[in-house]
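Novice: The following file, protein_9.csv, comprises CSV, N, CA and C atoms:
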```
chain,number,residue,atom,x,y,z
U,109,MET,N,128.8,109.3,37.6
U,109,MET,CA,127.9,108.8,38.5
U,109,MET,C,126.9,107.8,37.8
U,110,LEU,N,126.3,107.0,38.7
U,110,LEU,CA,125.4,106.0,38.2
U,110,LEU,C,124.1,106.2,39.0
U,111,HIS,N,122.9,106.0,38.4
U,111,HIS,CA,121.7,106.0,39.1
U,111,HIS,C,121.3,104.6,39.5
U,112,LEU,N,121.3,104.4,40.9
U,112,LEU,CA,121.0,103.1,41.4
U,112,LEU,C,119.6,103.0,42.0
U,113,ARG,N,118.9,101.9,41.6
U,113,ARG,CA,117.6,101.6,42.1
U,113,ARG,C,117.6,100.2,42.6
U,114,ILE,N,117.4,100.0,43.9
U,114,ILE,CA,117.3,98.7,44.5
U,114,ILE,C,115.8,98.5,44.9
U,115,ILE,N,115.2,97.4,44.3
U,115,ILE,CA,113.8,97.2,44.5
U,115,ILE,C,113.5,95.8,45.0
U,116,THR,N,112.7,95.7,46.1
U,116,THR,CA,112.2,94.4,46.6
U,116,THR,C,110.7,94.4,46.3
U,117,PRO,N,110.1,93.2,46.6
U,117,PRO,CA,108.6,93.1,46.4
U,117,PRO,C,107.8,94.1,47.3
U,118,ARG,N,108.5,94.5,48.3
U,118,ARG,CA,107.7,95.4,49.3
U,118,ARG,C,107.9,96.9,49.1
U,119,LYS,N,109.2,97.3,48.6
U,119,LYS,CA,109.4,98.7,48.4
U,119,LYS,C,110.7,99.0,47.6
U,120,ILE,N,110.8,100.3,47.3
U,120,ILE,CA,112.1,100.7,46.7
U,120,ILE,C,113.0,101.0,47.8
U,121,VAL,N,114.1,100.3,47.9
U,121,VAL,CA,115.0,100.4,49.0
U,121,VAL,C,116.0,101.6,48.8
U,122,ARG,N,116.5,101.7,47.6
U,122,ARG,CA,117.4,102.8,47.3
U,122,ARG,C,117.0,103.4,45.9
U,123,ASP,N,117.1,104.7,45.8
U,123,ASP,CA,116.9,105.4,44.5
U,123,ASP,C,117.8,106.6,44.6
U,124,GLU,N,119.1,106.5,44.1
U,124,GLU,CA,120.1,107.5,44.4
U,124,GLU,C,121.2,107.4,43.4
U,125,GLU,N,122.0,108.5,43.3
U,125,GLU,CA,123.2,108.5,42.5
U,125,GLU,C,124.4,107.9,43.3
U,126,VAL,N,125.2,107.1,42.7
U,126,VAL,CA,126.3,106.4,43.4
U,126,VAL,C,127.5,106.4,42.4
U,127,ASN,N,128.7,106.2,43.0
U,127,ASN,CA,130.0,106.1,42.2
U,127,ASN,C,130.2,104.7,41.7
U,128,ALA,N,129.9,103.7,42.6
U,128,ALA,CA,130.1,102.3,42.2
U,128,ALA,C,129.3,101.4,43.1
U,129,LEU,N,129.1,100.2,42.6
U,129,LEU,CA,128.3,99.2,43.3
U,129,LEU,C,129.1,97.8,43.1
U,130,THR,N,129.3,97.1,44.2
U,130,THR,CA,129.9,95.8,44.2
U,130,THR,C,128.8,94.9,44.7
U,131,ILE,N,128.5,93.8,43.9
U,131,ILE,CA,127.4,93.0,44.1
U,131,ILE,C,127.7,91.5,43.8
U,132,PRO,N,127.1,90.6,44.6
U,132,PRO,CA,127.4,89.1,44.4
U,132,PRO,C,126.5,88.5,43.3
U,133,SER,N,127.1,88.1,42.2
U,133,SER,CA,126.3,87.4,41.2
U,133,SER,C,126.6,85.9,41.3
U,134,THR,N,125.8,85.2,40.6
U,134,THR,CA,126.0,83.7,40.6
U,134,THR,C,127.3,83.3,39.9
U,135,GLU,N,127.9,84.2,39.1
U,135,GLU,CA,129.1,84.0,38.4
U,135,GLU,C,130.3,84.6,39.2
U,136,GLY,N,130.1,85.2,40.3
U,136,GLY,CA,131.2,85.9,41.1
U,136,GLY,C,130.8,87.3,41.4
U,137,GLU,N,131.7,88.0,42.1
U,137,GLU,CA,131.4,89.3,42.5
U,137,GLU,C,131.7,90.3,41.4
U,138,LEU,N,130.7,91.2,41.2
U,138,LEU,CA,130.8,92.2,40.1
U,138,LEU,C,130.9,93.6,40.7
U,139,THR,N,131.8,94.5,40.1
U,139,THR,CA,131.8,95.9,40.5
U,139,THR,C,131.4,96.7,39.3
U,140,ILE,N,130.4,97.5,39.4
U,140,ILE,CA,129.8,98.3,38.3
U,140,ILE,C,130.3,99.7,38.5
U,141,LEU,N,130.9,100.3,37.5
U,141,LEU,CA,131.4,101.7,37.5
U,141,LEU,C,130.7,102.4,36.4
U,142,PRO,N,130.7,103.8,36.4
U,142,PRO,CA,130.1,104.5,35.3
U,142,PRO,C,130.7,104.0,34.0
U,143,LYS,N,129.8,104.0,32.9
U,143,LYS,CA,130.2,103.6,31.6
U,143,LYS,C,130.5,102.1,31.4
U,144,HIS,N,130.0,101.3,32.4
U,144,HIS,CA,130.1,99.9,32.3
U,144,HIS,C,129.3,99.4,31.1
U,145,MET,N,129.8,98.3,30.5
U,145,MET,CA,129.1,97.8,29.3
U,145,MET,C,127.7,97.2,29.8
U,146,ASN,N,126.8,97.1,28.9
U,146,ASN,CA,125.5,96.6,29.2
U,146,ASN,C,125.7,95.2,29.8
U,147,LEU,N,124.9,94.9,30.9
U,147,LEU,CA,125.1,93.7,31.6
U,147,LEU,C,123.8,93.3,32.3
U,148,PHE,N,123.4,92.1,32.2
U,148,PHE,CA,122.3,91.5,33.0
U,148,PHE,C,122.9,90.3,33.7
U,149,ALA,N,122.6,90.2,35.0
U,149,ALA,CA,123.2,89.2,35.8
U,149,ALA,C,122.2,88.7,36.9
U,150,MET,N,122.3,87.4,37.1
U,150,MET,CA,121.5,86.8,38.2
U,150,MET,C,122.3,87.0,39.5
U,151,LEU,N,121.6,87.3,40.6
U,151,LEU,CA,122.3,87.6,41.9
U,151,LEU,C,122.0,86.5,42.9
U,152,LYS,N,123.0,86.3,43.8
U,152,LYS,CA,122.8,85.4,44.8
U,152,LYS,C,122.8,86.1,46.1
U,153,GLU,N,122.3,85.5,47.2
U,153,GLU,CA,122.3,86.1,48.5
U,153,GLU,C,123.7,86.6,48.9
U,154,GLY,N,123.8,87.7,49.5
U,154,GLY,CA,125.1,88.2,49.9
U,154,GLY,C,125.1,89.7,50.3
U,155,VAL,N,126.2,90.3,50.4
U,155,VAL,CA,126.4,91.7,50.9
U,155,VAL,C,126.8,92.5,49.7
U,156,ILE,N,126.1,93.6,49.5
U,156,ILE,CA,126.5,94.5,48.4
U,156,ILE,C,127.2,95.8,49.1
U,157,LYS,N,128.1,96.4,48.3
U,157,LYS,CA,128.8,97.6,48.8
U,157,LYS,C,128.4,98.7,47.8
U,158,ILE,N,127.9,99.8,48.4
U,158,ILE,CA,127.5,101.0,47.6
U,158,ILE,C,128.5,102.1,48.0
U,159,ARG,N,129.2,102.6,46.9
U,159,ARG,CA,130.2,103.7,47.2
U,159,ARG,C,129.6,105.0,46.6
U,160,LYS,N,129.6,106.0,47.5
U,160,LYS,CA,129.2,107.4,47.2
U,160,LYS,C,130.3,108.3,47.7
U,161,GLY,N,131.0,108.8,46.8
U,161,GLY,CA,132.2,109.7,47.2
U,161,GLY,C,133.1,108.9,48.0
U,162,GLN,N,133.5,109.4,49.2
U,162,GLN,CA,134.4,108.6,50.1
U,162,GLN,C,133.6,107.7,51.0
U,163,ASN,N,132.3,107.7,51.0
U,163,ASN,CA,131.5,106.8,51.9
U,163,ASN,C,131.1,105.5,51.3
U,164,GLU,N,131.1,104.5,52.1
U,164,GLU,CA,130.7,103.2,51.7
U,164,GLU,C,129.5,102.7,52.6
U,165,ASP,N,128.5,102.1,52.0
U,165,ASP,CA,127.4,101.6,52.7
U,165,ASP,C,127.2,100.1,52.3
U,166,TYR,N,126.6,99.3,53.1
U,166,TYR,CA,126.4,97.9,52.8
U,166,TYR,C,125.0,97.5,53.1
U,167,LEU,N,124.5,96.6,52.2
U,167,LEU,CA,123.2,96.0,52.4
U,167,LEU,C,123.3,94.5,52.2
U,168,ALA,N,122.5,93.8,53.0
U,168,ALA,CA,122.3,92.3,52.8
U,168,ALA,C,121.2,92.2,51.8
U,169,ILE,N,121.4,91.3,50.8
U,169,ILE,CA,120.4,91.1,49.8
U,169,ILE,C,120.0,89.6,49.6
U,170,GLY,N,118.9,89.4,49.1
U,170,GLY,CA,118.5,88.0,48.7
U,170,GLY,C,118.8,87.9,47.2
U,171,GLY,N,118.4,86.7,46.7
U,171,GLY,CA,118.7,86.5,45.3
U,171,GLY,C,117.8,87.4,44.4
U,172,GLY,N,118.2,87.5,43.2
U,172,GLY,CA,117.4,88.4,42.2
U,172,GLY,C,118.2,88.6,40.9
U,173,TYR,N,118.0,89.8,40.4
U,173,TYR,CA,118.6,90.2,39.1
U,173,TYR,C,119.2,91.6,39.2
U,174,MET,N,120.1,91.9,38.3
U,174,MET,CA,120.7,93.2,38.2
U,174,MET,C,120.9,93.5,36.7
U,175,GLU,N,120.6,94.7,36.3
U,175,GLU,CA,120.9,95.1,34.9
U,175,GLU,C,121.5,96.5,34.9
U,176,THR,N,122.4,96.8,34.0
U,176,THR,CA,123.0,98.1,33.9
U,176,THR,C,123.3,98.4,32.4
U,177,ASP,N,123.2,99.7,32.1
U,177,ASP,CA,123.6,100.2,30.8
U,177,ASP,C,124.8,101.1,30.9
U,178,GLY,N,125.4,101.2,32.1
U,178,GLY,CA,126.6,102.1,32.3
U,178,GLY,C,126.2,103.5,32.8
U,179,LYS,N,124.8,103.7,32.8
U,179,LYS,CA,124.3,105.0,33.3
U,179,LYS,C,123.5,104.8,34.5
U,180,SER,N,122.8,103.6,34.5
U,180,SER,CA,121.9,103.3,35.7
U,180,SER,C,122.1,101.8,36.0
U,181,ILE,N,121.7,101.5,37.2
U,181,ILE,CA,121.8,100.1,37.7
U,181,ILE,C,120.4,99.8,38.3
U,182,ASN,N,119.7,98.8,37.9
U,182,ASN,CA,118.5,98.3,38.5
U,182,ASN,C,118.7,97.0,39.1
U,183,VAL,N,118.4,96.9,40.4
U,183,VAL,CA,118.6,95.7,41.2
U,183,VAL,C,117.3,95.3,41.7
U,184,LEU,N,116.8,94.1,41.3
U,184,LEU,CA,115.5,93.5,41.7
U,184,LEU,C,115.9,92.3,42.6
U,185,VAL,N,115.6,92.4,43.9
U,185,VAL,CA,115.9,91.3,44.8
U,185,VAL,C,114.8,90.9,45.7
U,186,SER,N,114.9,89.7,46.3
U,186,SER,CA,113.8,89.2,47.2
U,186,SER,C,113.8,90.0,48.5
U,187,ARG,N,115.0,90.5,48.9
U,187,ARG,CA,115.0,91.2,50.2
U,187,ARG,C,116.3,92.1,50.1
U,188,ALA,N,116.3,93.2,50.9
U,188,ALA,CA,117.4,94.1,51.0
U,188,ALA,C,117.3,94.8,52.4
U,189,TYR,N,118.3,94.6,53.2
U,189,TYR,CA,118.3,95.2,54.5
U,189,TYR,C,119.6,95.9,54.8
U,190,ASN,N,119.4,97.1,55.4
U,190,ASN,CA,120.5,97.9,55.9
U,190,ASN,C,121.0,97.3,57.2
U,191,GLN,N,122.2,97.7,57.5
U,191,GLN,CA,122.9,97.1,58.8
U,191,GLN,C,122.0,97.4,60.0
U,192,ASP,N,121.4,98.6,60.0
U,192,ASP,CA,120.6,99.0,61.2
U,192,ASP,C,119.3,98.2,61.4
U,193,GLU,N,118.9,97.5,60.4
U,193,GLU,CA,117.7,96.7,60.4
U,193,GLU,C,117.9,95.3,60.9
U,194,ILE,N,119.1,94.9,61.2
U,194,ILE,CA,119.4,93.5,61.6
U,194,ILE,C,119.8,93.5,63.1
U,195,ASN,N,119.1,92.6,63.8
U,195,ASN,CA,119.4,92.3,65.2
U,195,ASN,C,120.3,91.1,65.3
U,196,GLN,N,121.5,91.4,65.9
U,196,GLN,CA,122.6,90.3,65.9
U,196,GLN,C,122.1,89.2,66.8
U,197,GLU,N,121.5,89.4,67.9
U,197,GLU,CA,121.1,88.3,68.8
U,197,GLU,C,120.0,87.4,68.1
U,198,LEU,N,119.0,88.0,67.4
U,198,LEU,CA,118.0,87.3,66.8
U,198,LEU,C,118.6,86.5,65.6
U,199,THR,N,119.6,87.1,64.9
U,199,THR,CA,120.2,86.5,63.7
U,199,THR,C,121.0,85.3,64.2
U,200,GLU,N,121.7,85.4,65.3
U,200,GLU,CA,122.5,84.2,65.8
U,200,GLU,C,121.5,83.1,66.3
U,201,LYS,N,120.4,83.5,66.8
U,201,LYS,CA,119.4,82.4,67.2
U,201,LYS,C,118.9,81.7,66.0
U,202,ALA,N,118.6,82.5,64.9
U,202,ALA,CA,118.1,81.9,63.7
U,202,ALA,C,119.1,81.0,63.1
U,203,LEU,N,120.4,81.4,63.1
U,203,LEU,CA,121.4,80.5,62.6
U,203,LEU,C,121.5,79.2,63.4
U,204,ASN,N,121.4,79.2,64.7
U,204,ASN,CA,121.4,78.0,65.5
U,204,ASN,C,120.2,77.2,65.2
U,205,GLN,N,119.1,77.8,65.1
U,205,GLN,CA,117.8,77.1,64.8
U,205,GLN,C,117.9,76.4,63.4
U,206,ALA,N,118.5,77.1,62.4
U,206,ALA,CA,118.7,76.5,61.1
U,206,ALA,C,119.6,75.3,61.1
U,207,LYS,N,120.6,75.4,61.9
U,207,LYS,CA,121.5,74.2,62.0
U,207,LYS,C,120.8,73.0,62.6
U,208,ARG,N,119.9,73.2,63.6
U,208,ARG,CA,119.2,72.2,64.2
U,208,ARG,C,118.1,71.6,63.2
U,209,LEU,N,117.5,72.5,62.5
U,209,LEU,CA,116.5,72.1,61.6
U,209,LEU,C,117.1,71.3,60.4
U,210,MET,N,118.3,71.6,60.0
U,210,MET,CA,118.9,70.9,58.9
U,210,MET,C,119.3,69.5,59.4
U,211,LYS,N,119.7,69.4,60.7
U,211,LYS,CA,120.0,68.0,61.2
U,211,LYS,C,118.8,67.2,61.4
U,212,ASP,N,117.7,67.8,61.8
U,212,ASP,CA,116.5,67.1,62.2
U,212,ASP,C,115.4,67.0,61.0
U,213,ALA,N,115.8,67.5,59.9
U,213,ALA,CA,114.8,67.6,58.8
U,213,ALA,C,114.3,66.2,58.4
U,214,LYS,N,113.0,66.1,58.2
U,214,LYS,CA,112.4,64.8,57.9
U,214,LYS,C,112.3,64.6,56.4
U,215,ASP,N,112.3,65.7,55.6
U,215,ASP,CA,112.2,65.5,54.1
U,215,ASP,C,113.0,66.6,53.4
U,216,GLU,N,113.0,66.6,52.1
U,216,GLU,CA,113.8,67.5,51.3
U,216,GLU,C,113.2,69.0,51.5
U,217,LYS,N,111.9,69.1,51.6
U,217,LYS,CA,111.3,70.4,51.8
U,217,LYS,C,111.8,71.1,53.1
U,218,GLU,N,111.8,70.4,54.2
U,218,GLU,CA,112.3,70.9,55.4
U,218,GLU,C,113.7,71.3,55.4
U,219,ARG,N,114.5,70.4,54.7
U,219,ARG,CA,116.0,70.7,54.6
U,219,ARG,C,116.2,71.9,53.8
U,220,HIS,N,115.4,72.1,52.7
U,220,HIS,CA,115.6,73.3,51.8
U,220,HIS,C,115.2,74.6,52.6
U,221,GLU,N,114.1,74.5,53.4
U,221,GLU,CA,113.7,75.7,54.2
U,221,GLU,C,114.8,76.0,55.2
U,222,ALA,N,115.4,75.0,55.9
U,222,ALA,CA,116.4,75.2,56.9
U,222,ALA,C,117.7,75.8,56.2
U,223,LEU,N,118.0,75.3,55.1
U,223,LEU,CA,119.2,75.8,54.4
U,223,LEU,C,119.0,77.3,54.0
U,224,SER,N,117.8,77.7,53.5
U,224,SER,CA,117.5,79.1,53.2
U,224,SER,C,117.7,80.0,54.4
U,225,LEU,N,117.1,79.5,55.6
U,225,LEU,CA,117.3,80.3,56.8
U,225,LEU,C,118.7,80.4,57.2
U,226,TYR,N,119.5,79.3,57.0
U,226,TYR,CA,120.9,79.3,57.4
U,226,TYR,C,121.6,80.3,56.5
U,227,ARG,N,121.4,80.3,55.2
U,227,ARG,CA,122.1,81.2,54.3
U,227,ARG,C,121.8,82.7,54.6
U,228,ARG,N,120.5,83.0,54.8
U,228,ARG,CA,120.1,84.4,55.2
U,228,ARG,C,120.8,84.8,56.5
U,229,SER,N,120.9,83.9,57.5
U,229,SER,CA,121.5,84.3,58.7
U,229,SER,C,123.0,84.6,58.5
U,230,VAL,N,123.7,83.7,57.8
U,230,VAL,CA,125.1,83.9,57.5
U,230,VAL,C,125.4,85.2,56.8
U,231,VAL,N,124.5,85.6,55.8
U,231,VAL,CA,124.7,86.8,55.1
U,231,VAL,C,124.5,88.0,56.0
U,232,ASP,N,123.4,87.9,56.9
U,232,ASP,CA,123.2,89.0,57.8
U,232,ASP,C,124.3,89.2,58.8
U,233,LEU,N,124.9,88.1,59.3
U,233,LEU,CA,126.0,88.2,60.2
U,233,LEU,C,127.3,88.8,59.5
U,234,LYS,N,127.5,88.5,58.2
U,234,LYS,CA,128.6,89.1,57.4
U,234,LYS,C,128.4,90.6,57.4
U,235,LEU,N,127.2,91.0,57.1
U,235,LEU,CA,126.9,92.5,57.1
U,235,LEU,C,127.2,93.1,58.4
U,236,LEU,N,126.8,92.5,59.5
U,236,LEU,CA,127.1,93.1,60.8
U,236,LEU,C,128.6,93.2,61.1
U,237,LYS,N,129.3,92.3,60.6
U,237,LYS,CA,130.8,92.4,60.7
U,237,LYS,C,131.4,93.5,59.9
U,238,LYS,N,130.8,93.8,58.8
U,238,LYS,CA,131.3,94.9,57.9
U,238,LYS,C,131.1,96.2,58.7
U,239,ARG,N,129.9,96.3,59.3
U,239,ARG,CA,129.6,97.6,60.1
U,239,ARG,C,130.6,97.8,61.2
U,240,LYS,N,131.0,96.7,61.9
U,240,LYS,CA,131.9,96.8,63.0
U,240,LYS,C,133.3,97.3,62.5
U,241,LYS,N,133.7,96.8,61.4
U,241,LYS,CA,135.0,97.2,60.8
U,241,LYS,C,135.0,98.6,60.5
U,242,ARG,N,133.9,99.1,59.9
U,242,ARG,CA,133.8,100.5,59.4
U,242,ARG,C,133.7,101.5,60.5
U,243,LEU,N,133.2,101.2,61.7
U,243,LEU,CA,133.0,102.2,62.8
U,243,LEU,C,134.3,102.5,63.4
```
Go through the file and emit its structure as structure tokens.
Specialist:
Amino acid sequence: MLHLRIITPRKIVRDEEVNALTIPSTEGELTILPKHMNLFAMLKEGVIKIRKGQNEDYLAIGGGYMETDGKSINVLVSRAYNQDEINQELTEKALNQAKRLMKDAKDEKERHEALSLYRRSVVDLKLLKKRKKRL
């Protein structure tokens, strides 16, 4: 077992024992199992999979960092949401708004903000699809 802590600027999202964690790093997807070698990785926005026994749970995360020593995993991210915290209708509206904003952006700052909104919306929709498959 591994002790997992997922922390955002607002709260500790998870603090529990898990069998495995699959997480999106900037170098590719990583799966952390007990006795994993020491590792520090930068994370990108994406969906993480948490395995406890036969159960799997998914969270949408923002960018951040992860470190493990094979006994514990600490994940520090800008955001982390469970499937039940995401509204599909609002997420689809945000995605469409981001597409419009990217097209109509007047400068690099507006384009960057629109792209961030677009990426968050795509990640959240991926998470919602995972839930539908699981049920």
Novice: Report as a PyMOL selection string: the residues of chain U with a DSSP assignment of strand (DSSP E or B), based on the backbone of this structure.
Specialist: chain U and resi 110-115+120-126+128-133+136-140+147-151+154-160+163-169+172-176+180-185+188-190
Novice: Could you please determine the separation between atom CA of Ser186 of chain U and atom CA of Glu218 of chain U in Å, to one decimal place?
Specialist: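 Computing the Euclidean distance for atom CA of Ser186 of chain U and atom CA of Glu218 of chain U yields 20.1 Å.
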Novice: For Asp192 of chain U, which residue out of U:Leu235, U:Ala206, U:Ile169, U:Glu175 is the nearest one, using only C-alpha atoms?
Specialist: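 For Asp192 of chain U, the nearest of the candidates is U:Leu235.
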Novice: What's around Lys152 of chain U at 6 Å? Count all atoms listed in the file, leave out sequence neighbours fewer than 2 positions away in its own chain, and write the answer as a PDB file with N, CA and C atoms, in the coordinates of the input.
Specialist:
```pdb
ATOM      1  N   PRO U 132     127.100  90.600  44.600  1.00  0.00           N
ATOM      2  CA  PRO U 132     127.400  89.100  44.400  1.00  0.00           C
ATOM      3  C   PRO U 132     126.500  88.500  43.300  1.00  0.00           C
ATOM      4  N   SER U 133     127.100  88.100  42.200  1.00  0.00           N
ATOM      5  CA  SER U 133     126.300  87.400  41.200  1.00  0.00           C
ATOM      6  C   SER U 133     126.600  85.900  41.300  1.00  0.00           C
ATOM      7  N   THR U 134     125.800  85.200  40.600  1.00  0.00           N
ATOM      8  CA  THR U 134     126.000  83.700  40.600  1.00  0.00           C
ATOM      9  C   THR U 134     127.300  83.300  39.900  1.00  0.00           C
ATOM     10  N   MET U 150     122.300  87.400  37.100  1.00  0.00           N
ATOM     11  CA  MET U 150     121.500  86.800  38.200  1.00  0.00           C
ATOM     12  C   MET U 150     122.300  87.000  39.500  1.00  0.00           C
ATOM     13  N   GLY U 154     123.800  87.700  49.500  1.00  0.00           N
ATOM     14  CA  GLY U 154     125.100  88.200  49.900  1.00  0.00           C
ATOM     15  C   GLY U 154     125.100  89.700  50.300  1.00  0.00           C
ATOM     16  N   ILE U 169     121.400  91.300  50.800  1.00  0.00           N
ATOM     17  CA  ILE U 169     120.400  91.100  49.800  1.00  0.00           C
ATOM     18  C   ILE U 169     120.000  89.600  49.600  1.00  0.00           C
ATOM     19  N   GLY U 170     118.900  89.400  49.100  1.00  0.00           N
ATOM     20  CA  GLY U 170     118.500  88.000  48.700  1.00  0.00           C
ATOM     21  C   GLY U 170     118.800  87.900  47.200  1.00  0.00           C
ATOM     22  N   GLY U 171     118.400  86.700  46.700  1.00  0.00           N
ATOM     23  CA  GLY U 171     118.700  86.500  45.300  1.00  0.00           C
ATOM     24  C   GLY U 171     117.800  87.400  44.400  1.00  0.00           C
ATOM     25  N   GLY U 172     118.200  87.500  43.200  1.00  0.00           N
ATOM     26  CA  GLY U 172     117.400  88.400  42.200  1.00  0.00           C
ATOM     27  C   GLY U 172     118.200  88.600  40.900  1.00  0.00           C
TER      28      GLY U 172
END
```
Novice: Would you kindly return, as a VMD selection string, each protein, DNA or RNA residue with an atom no farther than 8 Å from any atom of segment 199-201 of chain U, considering only N, CA and C atoms and excluding same-chain residues fewer than 2 positions away?
Specialist: chain U and resid 194 to 197 203 to 207 228 to 230 232 to 233
Novice: Print the selection's residues with N, CA and C atoms to a file, as a tab-separated table (two decimals), keeping the file's coordinate frame.
Specialist:
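Now in selection22.tsv:
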```
chain	number	residue	atom	x	y	z
U	194	ILE	N	119.10	94.90	61.20
U	194	ILE	CA	119.40	93.50	61.60
U	194	ILE	C	119.80	93.50	63.10
U	195	ASN	N	119.10	92.60	63.80
U	195	ASN	CA	119.40	92.30	65.20
U	195	ASN	C	120.30	91.10	65.30
U	196	GLN	N	121.50	91.40	65.90
U	196	GLN	CA	122.60	90.30	65.90
U	196	GLN	C	122.10	89.20	66.80
U	197	GLU	N	121.50	89.40	67.90
U	197	GLU	CA	121.10	88.30	68.80
U	197	GLU	C	120.00	87.40	68.10
U	203	LEU	N	120.40	81.40	63.10
U	203	LEU	CA	121.40	80.50	62.60
U	203	LEU	C	121.50	79.20	63.40
U	204	ASN	N	121.40	79.20	64.70
U	204	ASN	CA	121.40	78.00	65.50
U	204	ASN	C	120.20	77.20	65.20
U	205	GLN	N	119.10	77.80	65.10
U	205	GLN	CA	117.80	77.10	64.80
U	205	GLN	C	117.90	76.40	63.40
U	206	ALA	N	118.50	77.10	62.40
U	206	ALA	CA	118.70	76.50	61.10
U	206	ALA	C	119.60	75.30	61.10
U	207	LYS	N	120.60	75.40	61.90
U	207	LYS	CA	121.50	74.20	62.00
U	207	LYS	C	120.80	73.00	62.60
U	228	ARG	N	120.50	83.00	54.80
U	228	ARG	CA	120.10	84.40	55.20
U	228	ARG	C	120.80	84.80	56.50
U	229	SER	N	120.90	83.90	57.50
U	229	SER	CA	121.50	84.30	58.70
U	229	SER	C	123.00	84.60	58.50
U	230	VAL	N	123.70	83.70	57.80
U	230	VAL	CA	125.10	83.90	57.50
U	230	VAL	C	125.40	85.20	56.80
U	232	ASP	N	123.40	87.90	56.90
U	232	ASP	CA	123.20	89.00	57.80
U	232	ASP	C	124.30	89.20	58.80
U	233	LEU	N	124.90	88.10	59.30
U	233	LEU	CA	126.00	88.20	60.20
U	233	LEU	C	127.30	88.80	59.50
```
Novice: Got a sec to tell me which of chain U DSSP assigns to helix (DSSP H, G or I), as a ChimeraX atom specification?
Specialist: /U:191-193,196-212,216-242
Novice: Between U:Glu216, U:Gly178, U:Leu209, U:Val185, which has the minimum distance to Ile114 of chain U (counting only N, CA and C atoms)?
Specialist: U:Val185
Novice: Hey, can you pull every residue with an atom no more than 6.5 Å from (127.8, 100.7, 39.7), using all atoms listed in the file, and send it as an NGL selection string?
Specialist: :U and (110 or 126-130 or 139-142 or 181)
Novice: Could the residues in this selection be saved with N, CA and C atoms as a short mmCIF file (atom, residue, chain, number, x, y, z; two decimals), keeping the file's coordinate frame?
Specialist:
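out-v3.cif, written as the output of this step:
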```
data_model
loop_
_atom_site.label_atom_id
_atom_site.label_comp_id
_atom_site.auth_asym_id
_atom_site.auth_seq_id
_atom_site.Cartn_x
_atom_site.Cartn_y
_atom_site.Cartn_z
N LEU U 110 126.30 107.00 38.70
CA LEU U 110 125.40 106.00 38.20
C LEU U 110 124.10 106.20 39.00
N VAL U 126 125.20 107.10 42.70
CA VAL U 126 126.30 106.40 43.40
C VAL U 126 127.50 106.40 42.40
N ASN U 127 128.70 106.20 43.00
CA ASN U 127 130.00 106.10 42.20
C ASN U 127 130.20 104.70 41.70
N ALA U 128 129.90 103.70 42.60
CA ALA U 128 130.10 102.30 42.20
C ALA U 128 129.30 101.40 43.10
N LEU U 129 129.10 100.20 42.60
CA LEU U 129 128.30 99.20 43.30
C LEU U 129 129.10 97.80 43.10
N THR U 130 129.30 97.10 44.20
CA THR U 130 129.90 95.80 44.20
C THR U 130 128.80 94.90 44.70
N THR U 139 131.80 94.50 40.10
CA THR U 139 131.80 95.90 40.50
C THR U 139 131.40 96.70 39.30
N ILE U 140 130.40 97.50 39.40
CA ILE U 140 129.80 98.30 38.30
C ILE U 140 130.30 99.70 38.50
N LEU U 141 130.90 100.30 37.50
CA LEU U 141 131.40 101.70 37.50
C LEU U 141 130.70 102.40 36.40
N PRO U 142 130.70 103.80 36.40
CA PRO U 142 130.10 104.50 35.30
C PRO U 142 130.70 104.00 34.00
N ILE U 181 121.70 101.50 37.20
CA ILE U 181 121.80 100.10 37.70
C ILE U 181 120.40 99.80 38.30
#
```
Novice: Do you have the atom CA of Val121 of chain U-atom CA of Arg227 of chain U distance handy?
Specialist: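 Those two atoms sit 21.1 Å apart.
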Novice: Mind pulling up the distance from atom CA of Arg208 of chain U to atom CA of Ala188 of chain U?
Specialist: 25.6 Å
Novice: Scan for residues within 7 Å of the point (122.2, 102.8, 48.7) in the coordinates of the file, using all atoms listed in the file, and reply as a PDB file with N, CA and C atoms, keeping the file's coordinate frame.
Specialist:
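The result, stored in point15.pdb:
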```
ATOM      1  N   VAL U 121     114.100 100.300  47.900  1.00  0.00           N
ATOM      2  CA  VAL U 121     115.000 100.400  49.000  1.00  0.00           C
ATOM      3  C   VAL U 121     116.000 101.600  48.800  1.00  0.00           C
ATOM      4  N   ARG U 122     116.500 101.700  47.600  1.00  0.00           N
ATOM      5  CA  ARG U 122     117.400 102.800  47.300  1.00  0.00           C
ATOM      6  C   ARG U 122     117.000 103.400  45.900  1.00  0.00           C
ATOM      7  N   ASP U 123     117.100 104.700  45.800  1.00  0.00           N
ATOM      8  CA  ASP U 123     116.900 105.400  44.500  1.00  0.00           C
ATOM      9  C   ASP U 123     117.800 106.600  44.600  1.00  0.00           C
ATOM     10  N   GLU U 124     119.100 106.500  44.100  1.00  0.00           N
ATOM     11  CA  GLU U 124     120.100 107.500  44.400  1.00  0.00           C
ATOM     12  C   GLU U 124     121.200 107.400  43.400  1.00  0.00           C
ATOM     13  N   ILE U 158     127.900  99.800  48.400  1.00  0.00           N
ATOM     14  CA  ILE U 158     127.500 101.000  47.600  1.00  0.00           C
ATOM     15  C   ILE U 158     128.500 102.100  48.000  1.00  0.00           C
ATOM     16  N   ASP U 165     128.500 102.100  52.000  1.00  0.00           N
ATOM     17  CA  ASP U 165     127.400 101.600  52.700  1.00  0.00           C
ATOM     18  C   ASP U 165     127.200 100.100  52.300  1.00  0.00           C
TER      19      ASP U 165
END
```
Novice: Taking only C-alpha atoms into account, name the residue in U:Leu236, U:Ala202, U:Leu184, U:Leu112 that is nearest to Leu223 of chain U.
Specialist: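 The shortest atom-to-atom distance to Leu223 of chain U comes from U:Ala202.
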